[in-house]
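Asks: Following this line is input_36.json, made up of JSON, C-alpha atoms and all ligand atoms:
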[["chain", "number", "residue", "atom", "x", "y", "z"],
["U", 674, "MET", "CA", 6.57, -31.87, -39.27],
["U", 675, "THR", "CA", 3.04, -31.68, -37.84],
["U", 676, "THR", "CA", 1.13, -28.37, -37.83],
["U", 677, "PRO", "CA", 1.11, -26.78, -34.36],
["U", 678, "LEU", "CA", -2.36, -27.06, -32.81],
["U", 679, "VAL", "CA", -2.72, -23.25, -32.65],
["U", 680, "ASP", "CA", -2.46, -23.14, -36.45],
["U", 681, "SER", "CA", -4.57, -26.22, -37.16],
["U", 682, "PRO", "CA", -7.94, -25.91, -38.93],
["U", 683, "VAL", "CA", -9.64, -27.85, -36.09],
["U", 684, "PHE", "CA", -8.46, -25.30, -33.54],
["U", 685, "LYS", "CA", -9.39, -22.31, -35.70],
["U", 686, "ALA", "CA", -12.82, -23.78, -36.45],
["U", 687, "ALA", "CA", -13.44, -24.46, -32.75],
["U", 688, "LEU", "CA", -12.56, -20.91, -31.76],
["U", 689, "GLY", "CA", -14.58, -19.34, -34.54],
["U", 690, "PRO", "CA", -13.91, -16.11, -36.43],
["U", 691, "ALA", "CA", -13.25, -14.05, -33.27],
["U", 692, "SER", "CA", -9.82, -15.58, -32.65],
["U", 693, "PRO", "CA", -6.93, -15.45, -32.47],
["U", 694, "LEU", "CA", -6.32, -11.94, -31.18],
["U", 695, "ARG", "CA", -9.06, -10.00, -32.84],
["U", 696, "GLY", "CA", -8.59, -7.24, -30.29],
["U", 697, "VAL", "CA", -12.24, -6.75, -29.39],
["U", 698, "GLY", "CA", -13.73, -5.18, -26.30],
["U", 699, "ASP", "CA", -16.40, -2.53, -26.01],
["U", 700, "GLY", "CA", -14.42, 0.18, -24.26],
["U", 701, "ALA", "CA", -11.51, 2.19, -25.59],
["U", 702, "ALA", "CA", -8.03, 0.81, -24.92],
["U", 703, "LEU", "CA", -6.76, 2.13, -21.58],
["U", 704, "VAL", "CA", -3.34, 0.64, -22.18],
["U", 705, "THR", "CA", -1.70, -1.00, -25.18],
["U", 706, "LEU", "CA", 1.31, -3.28, -25.28],
["U", 707, "ARG", "CA", 2.95, -3.62, -28.68],
["U", 708, "GLY", "CA", 5.81, -5.98, -29.43],
["U", 709, "VAL", "CA", 6.67, -6.13, -25.75],
["U", 710, "GLU", "CA", 9.72, -8.14, -24.79],
["U", 711, "LYS", "CA", 11.05, -8.76, -21.28],
["U", 712, "THR", "CA", 14.44, -10.29, -20.68],
["U", 713, "PHE", "CA", 15.56, -10.70, -17.07],
["U", 714, "ALA", "CA", 19.12, -10.04, -15.86],
["U", 715, "ASN", "CA", 19.86, -13.80, -15.88],
["U", 716, "GLY", "CA", 19.02, -13.95, -19.61],
["U", 717, "THR", "CA", 15.51, -15.47, -19.26],
["U", 718, "LEU", "CA", 13.33, -14.28, -22.11],
["U", 719, "ALA", "CA", 9.97, -14.08, -20.28],
["U", 720, "LEU", "CA", 7.96, -12.26, -22.98],
["U", 721, "LYS", "CA", 8.53, -11.73, -26.68],
["U", 722, "GLY", "CA", 6.30, -9.93, -29.16],
["U", 723, "LEU", "CA", 3.44, -9.52, -26.68],
["U", 724, "ASP", "CA", 0.55, -7.52, -28.16],
["U", 725, "LEU", "CA", -2.23, -6.78, -25.70],
["U", 726, "ASP", "CA", -4.90, -4.14, -25.11],
["U", 727, "VAL", "CA", -6.73, -3.61, -21.83],
["U", 728, "ARG", "CA", -10.07, -1.99, -22.57],
["U", 729, "ASP", "CA", -12.05, 0.33, -20.36],
["U", 730, "GLY", "CA", -14.57, -1.53, -18.23],
["U", 731, "GLU", "CA", -13.62, -5.06, -19.20],
["U", 732, "PHE", "CA", -12.80, -8.04, -17.01],
["U", 733, "LEU", "CA", -9.78, -9.46, -18.81],
["U", 734, "SER", "CA", -8.19, -12.74, -17.79],
["U", 735, "LEU", "CA", -4.67, -13.77, -18.76],
["U", 736, "LEU", "CA", -4.80, -17.56, -18.89],
["U", 737, "GLY", "CA", -1.85, -19.85, -19.54],
["U", 738, "PRO", "CA", 0.50, -22.50, -18.19],
["U", 739, "SER", "CA", 3.13, -21.70, -15.55],
["U", 740, "GLY", "CA", 6.04, -19.72, -16.89],
["U", 741, "CYS", "CA", 4.23, -18.14, -19.87],
["U", 742, "GLY", "CA", 4.80, -14.65, -18.50],
["U", 743, "LYS", "CA", 1.37, -13.82, -17.01],
["U", 744, "SER", "CA", 2.82, -12.36, -13.81],
["U", 745, "THR", "CA", 5.54, -10.57, -15.76],
["U", 746, "ALA", "CA", 2.88, -8.94, -17.98],
["U", 747, "LEU", "CA", 0.94, -7.90, -14.88],
["U", 748, "ARG", "CA", 4.08, -6.45, -13.26],
["U", 749, "LEU", "CA", 4.74, -4.43, -16.44],
["U", 750, "LEU", "CA", 1.17, -3.08, -16.27],
["U", 751, "ALA", "CA", 1.70, -2.26, -12.58],
["U", 752, "GLY", "CA", 4.87, -0.33, -13.41],
["U", 753, "LEU", "CA", 6.89, -2.66, -11.16],
["U", 754, "ALA", "CA", 9.13, -3.51, -14.13],
["U", 755, "SER", "CA", 9.77, -2.05, -17.60],
["U", 756, "PRO", "CA", 9.75, -3.74, -21.01],
["U", 757, "SER", "CA", 13.19, -4.55, -22.43],
["U", 758, "ARG", "CA", 11.75, -3.77, -25.89],
["U", 759, "GLY", "CA", 8.46, -2.65, -27.38],
["U", 760, "ALA", "CA", 5.94, -0.13, -26.12],
["U", 761, "LEU", "CA", 3.55, -0.04, -23.17],
["U", 762, "THR", "CA", 1.34, 3.03, -23.48],
["U", 763, "TRP", "CA", -1.42, 4.25, -21.15],
["U", 764, "ALA", "CA", -3.90, 6.27, -23.26],
["U", 765, "GLY", "CA", -4.49, 8.95, -20.62],
["U", 766, "GLY", "CA", -1.43, 8.44, -18.42],
["U", 767, "ARG", "CA", -1.18, 5.68, -15.80],
["U", 768, "PRO", "CA", -4.39, 5.78, -13.74],
["U", 769, "GLU", "CA", -4.86, 4.79, -10.09],
["U", 770, "LEU", "CA", -4.04, 1.06, -9.92],
["U", 771, "GLY", "CA", -4.89, -1.59, -7.34],
["U", 772, "PHE", "CA", -2.90, -4.80, -6.93],
["U", 773, "VAL", "CA", -3.97, -8.10, -5.32],
["U", 774, "PHE", "CA", -1.42, -10.93, -5.04],
["U", 775, "GLN", "CA", -1.87, -14.67, -4.48],
["U", 776, "GLU", "CA", -0.91, -14.16, -0.81],
["U", 777, "PRO", "CA", -3.00, -11.58, 1.08],
["U", 778, "THR", "CA", 0.30, -9.96, 2.29],
["U", 779, "LEU", "CA", -1.30, -8.40, 5.39],
["U", 780, "MET", "CA", 0.65, -6.87, 8.28],
["U", 781, "PRO", "CA", 0.04, -9.50, 11.02],
["U", 782, "TRP", "CA", 0.63, -7.01, 13.85],
["U", 783, "SER", "CA", -2.05, -4.61, 12.59],
["U", 784, "THR", "CA", -5.83, -4.71, 12.65],
["U", 785, "VAL", "CA", -7.98, -5.10, 9.56],
["U", 786, "PHE", "CA", -8.65, -1.34, 9.75],
["U", 787, "ALA", "CA", -4.92, -0.50, 9.81],
["U", 788, "ASN", "CA", -4.19, -2.88, 6.94],
["U", 789, "VAL", "CA", -6.85, -1.31, 4.72],
["U", 790, "TYR", "CA", -5.78, 2.19, 5.85],
["U", 791, "LEU", "CA", -2.17, 1.67, 4.65],
["U", 792, "PRO", "CA", -2.52, 2.87, 1.00],
["U", 793, "LEU", "CA", -4.51, 5.93, 2.13],
["U", 794, "LYS", "CA", -1.94, 6.64, 4.87],
["U", 795, "LEU", "CA", 0.75, 6.54, 2.17],
["U", 796, "LYS", "CA", -1.30, 9.13, 0.28],
["U", 797, "GLY", "CA", -1.27, 11.37, 3.35],
["U", 798, "LEU", "CA", -4.88, 10.91, 4.53],
["U", 799, "SER", "CA", -5.48, 11.05, 8.27],
["U", 800, "LYS", "CA", -7.33, 8.17, 9.94],
["U", 801, "ARG", "CA", -10.34, 10.44, 10.40],
["U", 802, "GLU", "CA", -10.43, 11.34, 6.69],
["U", 803, "ALA", "CA", -9.87, 7.72, 5.67],
["U", 804, "ARG", "CA", -12.41, 6.10, 8.02],
["U", 805, "PRO", "CA", -15.54, 6.42, 5.79],
["U", 806, "ARG", "CA", -13.66, 4.99, 2.81],
["U", 807, "ILE", "CA", -12.24, 2.12, 4.86],
["U", 808, "GLU", "CA", -15.70, 1.34, 6.24],
["U", 809, "GLU", "CA", -17.15, 1.42, 2.72],
["U", 810, "ALA", "CA", -14.43, -0.91, 1.38],
["U", 811, "LEU", "CA", -14.92, -3.38, 4.26],
["U", 812, "GLU", "CA", -18.68, -3.28, 3.67],
["U", 813, "GLN", "CA", -18.12, -3.93, -0.05],
["U", 814, "VAL", "CA", -16.10, -7.10, 0.62],
["U", 815, "GLY", "CA", -18.52, -8.37, 3.28],
["U", 816, "LEU", "CA", -16.29, -7.62, 6.28],
["U", 817, "HIS", "CA", -18.50, -5.10, 8.04],
["U", 818, "GLY", "CA", -17.81, -5.41, 11.79],
["U", 819, "PHE", "CA", -14.29, -6.87, 11.39],
["U", 820, "ALA", "CA", -12.32, -3.59, 11.46],
["U", 821, "ASN", "CA", -10.74, -4.36, 14.84],
["U", 822, "ALA", "CA", -9.90, -8.01, 14.12],
["U", 823, "TYR", "CA", -6.31, -9.16, 13.54],
["U", 824, "PRO", "CA", -5.33, -11.26, 10.49],
["U", 825, "ARG", "CA", -4.65, -14.32, 12.72],
["U", 826, "GLU", "CA", -8.34, -14.31, 13.71],
["U", 827, "LEU", "CA", -9.50, -14.56, 10.07],
["U", 828, "SER", "CA", -9.94, -17.48, 7.64],
["U", 829, "GLY", "CA", -7.97, -17.61, 4.37],
["U", 830, "GLY", "CA", -10.96, -16.29, 2.43],
["U", 831, "MET", "CA", -11.47, -13.41, 4.88],
["U", 832, "LYS", "CA", -7.78, -12.45, 4.66],
["U", 833, "MET", "CA", -8.14, -12.31, 0.88],
["U", 834, "ARG", "CA", -11.23, -10.09, 1.33],
["U", 835, "VAL", "CA", -9.09, -7.69, 3.41],
["U", 836, "SER", "CA", -6.51, -7.69, 0.63],
["U", 837, "ILE", "CA", -9.25, -6.86, -1.91],
["U", 838, "ALA", "CA", -10.63, -4.10, 0.35],
["U", 839, "ARG", "CA", -7.10, -2.64, 0.63],
["U", 840, "ALA", "CA", -6.88, -2.61, -3.19],
["U", 841, "PHE", "CA", -10.36, -1.07, -3.64],
["U", 842, "VAL", "CA", -10.02, 1.59, -0.93],
["U", 843, "THR", "CA", -8.08, 3.89, -3.28],
["U", 844, "LYS", "CA", -10.88, 3.52, -5.88],
["U", 845, "PRO", "CA", -8.55, 2.22, -8.60],
["U", 846, "ALA", "CA", -9.50, 2.61, -12.26],
["U", 847, "VAL", "CA", -7.73, -0.69, -12.95],
["U", 848, "LEU", "CA", -7.38, -3.62, -10.57],
["U", 849, "LEU", "CA", -4.52, -6.05, -11.29],
["U", 850, "MET", "CA", -4.98, -9.49, -9.70],
["U", 851, "ASP", "CA", -2.34, -12.23, -9.74],
["U", 852, "GLU", "CA", -3.99, -15.62, -9.05],
["U", 853, "PRO", "CA", -5.67, -14.23, -5.94],
["U", 854, "PHE", "CA", -7.84, -17.28, -5.22],
["U", 855, "ALA", "CA", -5.43, -20.09, -6.16],
["U", 856, "ALA", "CA", -4.73, -21.07, -2.54],
["U", 857, "LEU", "CA", -8.40, -21.14, -1.45],
["U", 858, "ASP", "CA", -10.75, -24.12, -1.26],
["U", 859, "GLU", "CA", -13.32, -24.53, -4.03],
["U", 860, "ILE", "CA", -16.35, -23.27, -2.05],
["U", 861, "THR", "CA", -14.57, -20.16, -0.76],
["U", 862, "ARG", "CA", -13.19, -19.54, -4.24],
["U", 863, "THR", "CA", -16.65, -19.77, -5.84],
["U", 864, "LYS", "CA", -18.06, -17.30, -3.30],
["U", 865, "LEU", "CA", -15.17, -14.88, -3.80],
["U", 866, "ASN", "CA", -15.60, -15.15, -7.60],
["U", 867, "ASP", "CA", -19.25, -14.08, -7.21],
["U", 868, "ASP", "CA", -18.40, -11.26, -4.83],
["U", 869, "LEU", "CA", -15.58, -10.00, -7.05],
["U", 870, "VAL", "CA", -17.88, -9.80, -10.09],
["U", 871, "ALA", "CA", -20.47, -7.95, -7.99],
["U", 872, "LEU", "CA", -17.82, -5.51, -6.77],
["U", 873, "LYS", "CA", -16.47, -4.99, -10.29],
["U", 874, "CYS", "CA", -20.01, -4.22, -11.52],
["U", 875, "ALA", "CA", -20.76, -1.88, -8.60],
["U", 876, "THR", "CA", -17.55, 0.13, -9.02],
["U", 877, "GLY", "CA", -17.01, -0.06, -12.79],
["U", 878, "THR", "CA", -13.35, -0.93, -12.20],
["U", 879, "THR", "CA", -11.47, -2.53, -15.09],
["U", 880, "VAL", "CA", -9.94, -5.83, -13.96],
["U", 881, "VAL", "CA", -6.91, -7.74, -15.29],
["U", 882, "PHE", "CA", -6.89, -11.17, -13.67],
["U", 883, "VAL", "CA", -4.18, -13.84, -13.93],
["U", 884, "THR", "CA", -5.34, -17.44, -13.58],
["U", 885, "HIS", "CA", -4.55, -21.06, -14.47],
["U", 886, "SER", "CA", -8.20, -22.05, -14.31],
["U", 887, "VAL", "CA", -10.34, -22.33, -17.44],
["U", 888, "PHE", "CA", -13.57, -22.45, -15.40],
["U", 889, "GLU", "CA", -12.67, -19.44, -13.27],
["U", 890, "SER", "CA", -11.62, -17.39, -16.30],
["U", 891, "VAL", "CA", -14.84, -18.11, -18.19],
["U", 892, "TYR", "CA", -17.05, -17.39, -15.19],
["U", 893, "LEU", "CA", -15.38, -14.08, -14.36],
["U", 894, "SER", "CA", -14.23, -12.57, -17.62],
["U", 895, "THR", "CA", -15.67, -10.64, -20.48],
["U", 896, "ARG", "CA", -12.53, -11.55, -22.46],
["U", 897, "ILE", "CA", -9.76, -14.10, -22.05],
["U", 898, "VAL", "CA", -6.30, -13.86, -23.59],
["U", 899, "VAL", "CA", -4.53, -17.22, -23.70],
["U", 900, "MET", "CA", -0.75, -17.14, -23.44],
["U", 901, "ALA", "CA", 1.93, -19.67, -24.40],
["U", 902, "ALA", "CA", 5.43, -20.04, -22.95],
["U", 903, "ARG", "CA", 8.99, -20.09, -24.32],
["U", 904, "PRO", "CA", 8.80, -17.24, -25.07],
["U", 905, "GLY", "CA", 5.71, -15.82, -23.34],
["U", 906, "ARG", "CA", 3.21, -14.43, -25.83],
["U", 907, "ALA", "CA", -0.54, -14.15, -26.50],
["U", 908, "VAL", "CA", -1.82, -16.90, -28.80],
["U", 909, "ALA", "CA", -5.62, -16.72, -28.64],
["U", 910, "GLU", "CA", -8.48, -14.56, -27.51],
["U", 911, "ILE", "CA", -11.91, -15.68, -26.36],
["U", 912, "VAL", "CA", -14.83, -13.32, -25.85],
["U", 913, "VAL", "CA", -17.33, -14.60, -23.27],
["U", 914, "PRO", "CA", -20.81, -14.16, -24.77],
["U", 915, "GLU", "CA", -22.66, -13.17, -21.59],
["U", 916, "PRO", "CA", -22.77, -9.77, -19.89],
["U", 917, "LEU", "CA", -21.67, -9.30, -16.27],
["U", 918, "PRO", "CA", -22.86, -9.94, -13.60],
["U", 919, "ARG", "CA", -23.08, -13.71, -13.85],
["U", 920, "SER", "CA", -25.05, -16.12, -11.74],
["U", 921, "GLU", "CA", -25.20, -19.79, -10.86],
["U", 922, "GLU", "CA", -27.55, -20.12, -13.82],
["U", 923, "PHE", "CA", -24.69, -19.10, -16.14],
["U", 924, "ARG", "CA", -22.46, -21.82, -14.62],
["U", 925, "LEU", "CA", -25.08, -24.39, -15.67],
["U", 926, "SER", "CA", -25.78, -22.91, -19.11],
["U", 927, "ALA", "CA", -24.86, -24.16, -22.59],
["U", 928, "PRO", "CA", -22.91, -20.93, -23.48],
["U", 929, "TYR", "CA", -20.77, -21.45, -20.34],
["U", 930, "ALA", "CA", -20.03, -25.07, -21.25],
["U", 931, "GLU", "CA", -19.27, -24.14, -24.86],
["U", 932, "THR", "CA", -16.97, -21.27, -23.85],
["U", 933, "CYS", "CA", -15.15, -23.56, -21.37],
["U", 934, "ARG", "CA", -14.67, -26.06, -24.21],
["U", 935, "LYS", "CA", -13.22, -23.41, -26.54],
["U", 936, "THR", "CA", -11.02, -22.00, -23.80],
["U", 937, "SER", "CA", -9.80, -25.43, -22.77],
["U", 938, "LEU", "CA", -8.90, -26.21, -26.36],
["U", 939, "ALA", "CA", -7.05, -22.91, -26.68],
["U", 940, "LEU", "CA", -5.15, -23.62, -23.45],
["U", 941, "HIS", "CA", -4.13, -27.08, -24.67],
["U", 942, "ALA", "CA", -2.94, -25.56, -27.94],
["U", 943, "ALA", "CA", -0.99, -22.93, -25.99],
["U", 944, "MET", "CA", 0.63, -25.64, -23.85],
["U", 945, "GLU", "CA", 1.61, -27.55, -26.95],
["U", 946, "ALA", "CA", 2.99, -24.38, -28.57],
["U", 947, "GLY", "CA", 5.12, -23.73, -25.46],
["U", 948, "GLY", "CA", 6.75, -27.18, -25.46],
["U", 949, "PRO", "CA", 6.91, -29.66, -22.55],
["U", 950, "ALA", "CA", 6.15, -28.32, -19.08],
["A", 1001, "LIG", "P1", 3.70, -17.08, -15.04],
["A", 1001, "LIG", "O1", 3.13, -15.98, -14.21],
["A", 1001, "LIG", "O2", 2.95, -17.28, -16.32],
["A", 1001, "LIG", "O3", 3.87, -18.37, -14.29],
["A", 1001, "LIG", "P2", 6.16, -15.54, -14.91],
["A", 1001, "LIG", "O4", 5.82, -14.22, -15.48],
["A", 1001, "LIG", "O5", 6.20, -15.65, -13.41],
["A", 1001, "LIG", "O6", 5.16, -16.65, -15.52],
["A", 1001, "LIG", "O7", 7.57, -16.03, -15.47],
["A", 1001, "LIG", "C1", 7.87, -16.07, -16.86],
["A", 1001, "LIG", "C2", 9.30, -16.59, -17.01],
["A", 1001, "LIG", "O8", 10.20, -15.63, -16.48],
["A", 1001, "LIG", "C3", 9.57, -17.89, -16.25],
["A", 1001, "LIG", "O9", 10.47, -18.66, -16.99],
["A", 1001, "LIG", "C4", 10.18, -17.40, -14.95],
["A", 1001, "LIG", "O10", 11.03, -18.39, -14.39],
["A", 1001, "LIG", "C5", 10.97, -16.19, -15.43],
["A", 1001, "LIG", "N1", 11.11, -15.13, -14.40],
["A", 1001, "LIG", "C6", 10.12, -14.48, -13.74],
["A", 1001, "LIG", "N2", 10.63, -13.54, -12.92],
["A", 1001, "LIG", "C7", 11.99, -13.61, -13.06],
["A", 1001, "LIG", "C8", 13.08, -12.89, -12.49],
["A", 1001, "LIG", "N3", 12.89, -11.90, -11.60],
["A", 1001, "LIG", "N4", 14.33, -13.23, -12.88],
["A", 1001, "LIG", "C9", 14.55, -14.22, -13.76],
["A", 1001, "LIG", "N5", 13.56, -14.93, -14.37],
["A", 1001, "LIG", "C10", 12.31, -14.63, -14.01]]
Kindly present the structure from the file in structure tokens form.
Ligand code: ADP

Replies:
Amino acid sequence: MTTPLVDSPVFKAALGPASPLRGVGDGAALVTLRGVEKTFANGTLALKGLDLDVRDGEFLSLLGPSGCGKSTALRLLAGLASPSRGALTWAGGRPELGFVFQEPTLMPWSTVFANVYLPLKLKGLSKREARPRIEEALEQVGLHGFANAYPRELSGGMKMRVSIARAFVTKPAVLLMDEPFAALDEITRTKLNDDLVALKCATGTTVVFVTHSVFESVYLSTRIVVMAARPGRAVAEIVVPEPLPRSEEFRLSAPYAETCRKTSLALHAAMEAGGPA
């Protein structure tokens, strides 16, 4: 039998001493998952033995092939589902969370203002109380002046900006993002990547970001956890050796290219470890 790529000396040498799963990150762990398993009602074992920390202030990407349990892990963090086994523990209790999905999920019959107001309305704030925060959030995502527009009048990228403003308006300590830019064209995606990093730096929000893209994960993240499927688990960790914010210069730099190479290798190993797609 051949040695799985994740365990091979070539793979370990390429990743260096930091991996797999060294558990680094500058901030304290906000939430820890230990031995987490998730089995769905139909018997699908989506996650098994998942160990993961989310550290204060980091931009953490969960990278892996389809079906490796990235969205399930995010839903567990969001409290939308519970582990079947193992422990998920928030160090100081569950903080304010924001959630951004792949689809902007806007109310088509409501204005941009009303869409961003929704989470504050659910918290009992009046429109008058909420207005400065909504204006600030729209300003932060570059949609100043669009409060009275309807979703149908906006491009795909602008709708995603509204979705991000709606998540940021509650000032979440942790923002959970499930492949938010996957449906956007490359140019819009690049611009939104830059704006998201700027927003993360301005607010100090911790971000957990699910993606399929090696390049996106390296550009955005301070740390990447690579997951494998069948069953879903974490198999490698890559620390990106460049502080946030990033710039176009970073995209053209040797550390970016080298980190993409390492990450790509780790993803290939994870795909091999998970069996045929
Ligand atoms: P990813 O986000 O990495 O693509 P998911 O977390 O969506 O992976 O899914 C992990 C596994 O769990 C897949 O095999 C998927 O089909 C299965 N799965 C996800 N949600 C459910 C569900 N509600 N019921 C049954 N199986 C599910």

Asks: Contacts between stretch 778-802 of chain U and stretch 818-906 of chain U, please, where a residue of stretch 818-906 of chain U counts if it comes within 12 Å (with only C-alpha atoms); show its shortest atom pair and distance in Å to one decimal, rows by chain and ascending number, as a tab-separated table.

Replies:
residue	atom	partner	partner_atom	distance
U:Gly818	CA	U:Val785	CA	10.1
U:Phe819	CA	U:Val785	CA	6.8
U:Ala820	CA	U:Phe786	CA	4.6
U:Asn821	CA	U:Thr784	CA	5.4
U:Ala822	CA	U:Thr784	CA	5.4
U:Tyr823	CA	U:Thr784	CA	4.6
U:Pro824	CA	U:Pro781	CA	5.7
U:Arg825	CA	U:Pro781	CA	6.9
U:Glu826	CA	U:Thr784	CA	10.0
U:Leu827	CA	U:Val785	CA	9.6
U:Gly829	CA	U:Leu779	CA	11.4
U:Met831	CA	U:Val785	CA	10.2
U:Lys832	CA	U:Leu779	CA	7.7
U:Met833	CA	U:Thr778	CA	8.9
U:Arg834	CA	U:Val785	CA	10.2
U:Val835	CA	U:Val785	CA	6.8
U:Ser836	CA	U:Leu779	CA	7.1
U:Ile837	CA	U:Val789	CA	9.0
U:Ala838	CA	U:Val789	CA	6.4
U:Arg839	CA	U:Val789	CA	4.3
U:Ala840	CA	U:Val789	CA	8.0
U:Phe841	CA	U:Val789	CA	9.1
U:Val842	CA	U:Val789	CA	7.1
U:Thr843	CA	U:Leu793	CA	6.8
U:Lys844	CA	U:Leu793	CA	10.5
U:Pro845	CA	U:Pro792	CA	11.4
U:Pro853	CA	U:Thr778	CA	11.0

Asks: For the selection just defined, write its residues with C-alpha atoms to a file, as a tab-separated table (two decimals), in the frame of the given file.

Replies:
chain	number	residue	atom	x	y	z
U	818	GLY	CA	-17.81	-5.41	11.79
U	819	PHE	CA	-14.29	-6.87	11.39
U	820	ALA	CA	-12.32	-3.59	11.46
U	821	ASN	CA	-10.74	-4.36	14.84
U	822	ALA	CA	-9.90	-8.01	14.12
U	823	TYR	CA	-6.31	-9.16	13.54
U	824	PRO	CA	-5.33	-11.26	10.49
U	825	ARG	CA	-4.65	-14.32	12.72
U	826	GLU	CA	-8.34	-14.31	13.71
U	827	LEU	CA	-9.50	-14.56	10.07
U	829	GLY	CA	-7.97	-17.61	4.37
U	831	MET	CA	-11.47	-13.41	4.88
U	832	LYS	CA	-7.78	-12.45	4.66
U	833	MET	CA	-8.14	-12.31	0.88
U	834	ARG	CA	-11.23	-10.09	1.33
U	835	VAL	CA	-9.09	-7.69	3.41
U	836	SER	CA	-6.51	-7.69	0.63
U	837	ILE	CA	-9.25	-6.86	-1.91
U	838	ALA	CA	-10.63	-4.10	0.35
U	839	ARG	CA	-7.10	-2.64	0.63
U	840	ALA	CA	-6.88	-2.61	-3.19
U	841	PHE	CA	-10.36	-1.07	-3.64
U	842	VAL	CA	-10.02	1.59	-0.93
U	843	THR	CA	-8.08	3.89	-3.28
U	844	LYS	CA	-10.88	3.52	-5.88
U	845	PRO	CA	-8.55	2.22	-8.60
U	853	PRO	CA	-5.67	-14.23	-5.94

Asks: Give me the residues near U:Ser886 as number ranges by chain, where near means some atom within 10 Å (using all atoms listed in the file) and where sequence neighbours in that chain fewer than 6 positions away do not count.

Replies: U: 734, 736-738, 852, 855, 936-937, 940

Asks: Neighbours of stretch 896-909 of chain U within 7 Å (all atoms listed in the file; same-chain residues fewer than 2 positions away dropped), as number ranges by chain?

Replies: U: 692-694, 718-724, 732-738, 740-742, 890, 894, 911-913, 939-940, 943-944, 946-947

Asks: Give the answer as one residue: which of U:Val891, U:Leu749, U:Val727, U:Val704 has the shortest atom-to-atom distance to ligand LIG 1001 (chain A), using all atoms listed in the file?

Replies: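 Smallest distance to ligand LIG 1001 (chain A) is found for U:Leu749.
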
Asks: Between U:Phe882, U:Gly766, U:Arg919, U:Leu872, which one has atoms that come closest to ligand LIG 1001 (chain A), using only C-alpha atoms and all ligand atoms?

Replies: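 Nearest candidate to ligand LIG 1001 (chain A) out of U:Phe882, U:Gly766, U:Arg919, U:Leu872: U:Phe882.
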
Asks: Could you check which of U:Leu938, U:Cys874, U:Cys933, U:Leu703 is closest to U:Pro916, using only C-alpha atoms?

Replies: U:Cys874

Asks: Which residue gives the smallest distance to U:Glu769 among U:Ala927, U:Leu917, U:Ala846, U:Leu857, with all atoms listed in the file counted?

Replies: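 Smallest separation from U:Glu769 among the options: U:Ala846.
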
Asks: Using Å and a single decimal, report how far atom CA of U:Ala751 sits from atom CA of U:Thr895.

Replies: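 Interatomic distance, atom CA of U:Thr895 to atom CA of U:Ala751: 20.8 Å.
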
Asks: Can you work out the spacing between atom CA of U:Gly815 and atom CA of U:Asp868 in Å, to one decimal?

Replies: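 Here the two named atoms are 8.6 Å from each other.
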
Asks: Any idea what the distance is between atom CA of U:Thr705 and atom CA of U:Ser755?

Replies: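 Value for the atom CA of U:Thr705-atom CA of U:Ser755 distance: 13.8 Å.
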
Asks: Can you work out which one of U:Tyr929, U:Ala810, U:Lys864, U:Thr879 has the shortest atom-to-atom distance to U:Gly700, counting only C-alpha atoms?

Replies: U:Thr879

Asks: Which residue, U:Ala746, U:Ala760, U:Ala754, U:Val814, has the smallest gap to U:Met850 when you use only C-alpha atoms?

Replies: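 With only C-alpha atoms as the atom set, the closest residue is U:Ala746.
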
Asks: For stretch 764-781 of chain U, take all atoms listed in the file, fit an axis-aligned box around them, add 6 Å to each of the six sides, then output centre and edge lengths in Å rounded to one decimal, as lines of an AutoDock Vina configuration file.

Replies:
center_x = -2.1
center_y = -2.9
center_z = -6.1
size_x = 17.5
size_y = 35.6
size_z = 46.3
